[in-house]
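Each remark here refers to the structure printed beneath this line.
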Amino acid sequence: MSLEELIKAEALSLGFVLCGFSRADTPPHYGAYLDWVESGNHAGMAYMARPNAIEARYEPTRLLPGCRTVISLGAAYPAPANTQKPQQNQGSVAAYALLPDYHQLLKAAAEILAQKIAQLTDQAFKHMVCVDTAPILEKDYAQNAGLGWIARNSCLTSKAYGSWLFLCELLVDLPLQPDKPLTNTDCANCHRCQMACPTKAILPNRTIDARRCLSYLTIEHRGPIPLAFRPLIGQRIFGCDTCQTICPSNQNLQNTSSLFDHAQALDPHPDLIESFLLTEAEFKSRYAKTPVLRAKYQGFRRNVAIALGNARLEEAKAALMDCAANEADEVVREAAQWALSQF
Ligand code: SF4
Ligand code: SF4
């Protein structure tokens with residue numbers, strides 16, 4: 001077996017389902033990324049537009065001096081088990097957020113892979129692991145490495161695992177043989193995701209206008225959610241899976257990664273009133289070590305208040321009225337007032 005084949009076998013044995021290599025060159029969509037930022041499509045995600053982050057995304061050597069190869073790794077998480085709408089008293093949490101936070105899991109597995117590579121090559125080399133937090137256009141490298149293709153909904157989509165994937169990169173200063181990008185894999189004439197997107201956030205160049213995206217608005221956005229989008233949120237209380245669940249590439253998929261402890265998966269449709277009444281301590285305890293904490297307590301309650309307004313749940317009126325009158329946080333209080341106005 002070649003060194004590259006041995007590394008791939010090690011990656012799979014660690015629980016990744018996809019592994020491929022690409023050169024540490026400037027990513028193909030760097031110009032599109034600059035345009036995206038220039039147009040303000042990153043919304044409040046200032047970390048996407050900081051000068052040093054823009055500079056770093058130009059090529060991986062800015063992150064790891066001497067970097068020669070990007071090893072792209074994919075870990076598959078379960079697709080939503082129930083794609084039906086939640087019942088009137090339930091909210092919806094995006095599938096990726098139901099498992100314990102992937103950052104540490106993937107980082108730890110990639111670090112072990114780096115150790116295995118050191119054993120295989122019997123030489124010291126420099127490496128760096130990136131899981132979301134480092135400024136790198138990860139989907140470009142994954143596409144170059146043959147893991148999948150950047151689909152119209154902007155998700156990296158693989159043939160076997162669809163787009164229910166977490167990506168991770170292991171940058172190394174070793175000159176590994178690059179893989180070939182996939183051929184004959186694109187969205188052809190399909191536009192289902194664009195049609196299904198409630199807010200028309202999917203742009204023609206396969207990027208997302210975060211200012212309109214319900215995933216961004218319910219997770220990253222701080223402050224009040226613009227009025228026009230509130231009815232479109234429906235009963236989503238964290239994230240949005242619509243442009244993925246609708247995708248034909250996401251049907252009949254293979255098994256998911258063994259990296260995840262599925263026994264710890266959260267309820268995808270928690271009770272809305274119960275969620276609304278969680279104290280901050282209960283919220284932090286229930287969602288400990290899961291991506292849901294990213295919304296923070298106030299953001300989560302704001303989302304649940306909006307979902308309650310959309311569900312027009314009579315039993316929620318008392319809790320909403322109390323919140324609308326007495327809540328200290330202005331954004332949550334205003335969301336509760338809006339929710340009551342929907343009845
Ligand atoms: S996550 Fe939801 S709102 Fe965002 S682009 Fe996809 S369908 Fe649209
Ligand atoms: S729904 Fe269709 S257009 Fe959208 S990502 Fe899937 S295959 Fe591509």
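Simple scheme: letters A, B, ... for chains in structure tokens order, numbers from 1 for residues in each chain, numbers from 1 for ligands in the order shown.
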Inset, instruction - Fewer than 4 positions away in the same chain doesn't count, so skip those; otherwise give me all residues within 6 Å of region 308-317 of chain A, counting only C-alpha atoms, as a ChimeraX atom specification. - result: /A:88,234,321,339,342-343
For those residues, write C-alpha atoms to a file as a PDB file, in the first residue's frame.
ATOM      1  CA  GLN A  88     -47.876  22.125  17.566  1.00  0.00           C
ATOM      2  CA  GLY A 234     -41.879  28.344  12.062  1.00  0.00           C
ATOM      3  CA  MET A 321     -47.444  37.340  29.117  1.00  0.00           C
ATOM      4  CA  ALA A 339     -45.372  36.144  19.954  1.00  0.00           C
ATOM      5  CA  GLN A 342     -49.570  36.463  16.662  1.00  0.00           C
ATOM      6  CA  PHE A 343     -52.473  34.881  18.524  1.00  0.00           C
TER       7      PHE A 343
END
Inset, instruction - Kindly compile the residues surrounding ligand 1 within 9 Å, counting only C-alpha atoms and all ligand atoms, and format them as a PyMOL selection string. - result: chain A and resi 153-154+193-203+207-210+212-217+232-233+239-246
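Our summary of the geometry notes that CA of Lys159 (chain A) is positioned 14.7 Å from CA of Asn144 (chain A).
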Inset, instruction - Taking the DSSP assignment computed from this structure's backbone, write out as an MDAnalysis selection string all residues of region 37-123 of chain A that belong to strand (DSSP E). - result: chainID A and resid 69:76 92:93
Legend entry - Distance filter 6 Å around ligand 2, atoms: only C-alpha atoms and all ligand atoms, out as a PyMOL selection string: chain A and resi 151-153+187+190-193+246-249
Legend entry - Shortest interatomic distance to Ala49 (chain A) - which of A:Val37, A:Leu176, A:Ala97, A:Ala9, counting only C-alpha atoms: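 The shortest atom-to-atom distance to Ala49 (chain A) comes from A:Val37.
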Inset, instruction - Could you please determine the separation between CA of Ala145 (chain A) and CA of Cys19 (chain A) in Å, to one decimal place? - result: 7.9 Å
Please, which residues in region 161-201 of chain A fall within 10 Å of region 254-257 of chain A when counting only C-alpha atoms, and what is the closest atom pair and distance in Å to one decimal for each, ordered by chain then residue number, as JSON lines?
{"residue": "A:Tyr161", "atom": "CA", "partner": "A:Gln254", "partner_atom": "CA", "distance": 5.9}
{"residue": "A:Gly162", "atom": "CA", "partner": "A:Gln254", "partner_atom": "CA", "distance": 8.9}
{"residue": "A:Trp164", "atom": "CA", "partner": "A:Thr256", "partner_atom": "CA", "distance": 8.9}
{"residue": "A:Leu165", "atom": "CA", "partner": "A:Thr256", "partner_atom": "CA", "distance": 9.1}
Could the residues in this selection be saved with N, CA and C atoms as a PDB file, in the first residue's frame?
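What follows is the written file selection23.pdb:
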ATOM      1  N   TYR A 161     -22.518   9.823   1.761  1.00  0.00           N
ATOM      2  CA  TYR A 161     -23.002  10.345   3.049  1.00  0.00           C
ATOM      3  C   TYR A 161     -23.800  11.632   2.917  1.00  0.00           C
ATOM      4  N   GLY A 162     -24.031  12.055   1.680  1.00  0.00           N
ATOM      5  CA  GLY A 162     -24.787  13.279   1.487  1.00  0.00           C
ATOM      6  C   GLY A 162     -24.075  14.465   2.115  1.00  0.00           C
ATOM      7  N   TRP A 164     -24.664  15.468   5.355  1.00  0.00           N
ATOM      8  CA  TRP A 164     -24.674  15.400   6.824  1.00  0.00           C
ATOM      9  C   TRP A 164     -23.270  15.089   7.294  1.00  0.00           C
ATOM     10  N   LEU A 165     -22.384  16.051   7.119  1.00  0.00           N
ATOM     11  CA  LEU A 165     -20.958  15.826   7.353  1.00  0.00           C
ATOM     12  C   LEU A 165     -20.346  16.944   8.179  1.00  0.00           C
TER      13      LEU A 165
END
Legend entry - Close residues, Thr26 (chain A) itself excluded, 8 Å, only C-alpha atoms, min 6 positions apart in chain, as a VMD selection string: chain A and resid 57 to 60
Legend entry - Long-range neighbours of region 98-107 of chain A as a PyMOL selection string, 6 Å cut-off, only C-alpha atoms, 4 positions minimum in chain: chain A and resi 131+265-266+289-291
Inset, instruction - For Gln90 (chain A), work out the shell of residues within 6 Å, counting only C-alpha atoms and skipping chain neighbours fewer than 2 positions away, then give it as a count of residues only. - result: 7
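The smallest atom-to-atom distance between Leu34 (chain A) and any of A:Ala94, A:Leu137, A:Val331, A:Leu64, using only C-alpha atoms, is found for A:Leu137.
Picture a line from CA of Leu277 (chain A) to CA of Cys323 (chain A); it runs 9.8 Å.
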Inset, instruction - Using DSSP on the backbone coordinates, identify the residues of region 64-267 of chain A assigned to helix (DSSP H, G or I); present them as number ranges by chain. - result: A: 95-98, 102-121, 138-144, 192-196, 214-219, 227-233, 242-245, 248-250, 262-264
Inset, instruction - List the neighbours of Leu147 (chain A) out to 10 Å using only C-alpha atoms; skip same-chain residues closer than 2 positions along the sequence, and give me the result as a list of chain:residue names. - result: A:Val17, A:Leu18, A:Cys19, A:Gly20, A:Phe21, A:Ser72, A:Leu73, A:Gly74, A:Lys139, A:Tyr141, A:Ala142, A:Gln143, A:Asn144, A:Ala145, A:Trp149, A:Ile150, A:Leu156, A:Thr157, A:Ser158, A:Lys159, A:Ala160, A:Tyr161, A:Leu167, A:Asp179, A:Lys180, A:Pro181, A:Leu182
Legend entry - Shell of 12 Å around Ala335 (chain A), only C-alpha atoms, local chain residues under 4 positions omitted, as a PyMOL selection string: chain A and resi 223-227+230-231+276+298-310+320-321+323-325+327+329-331+339-342
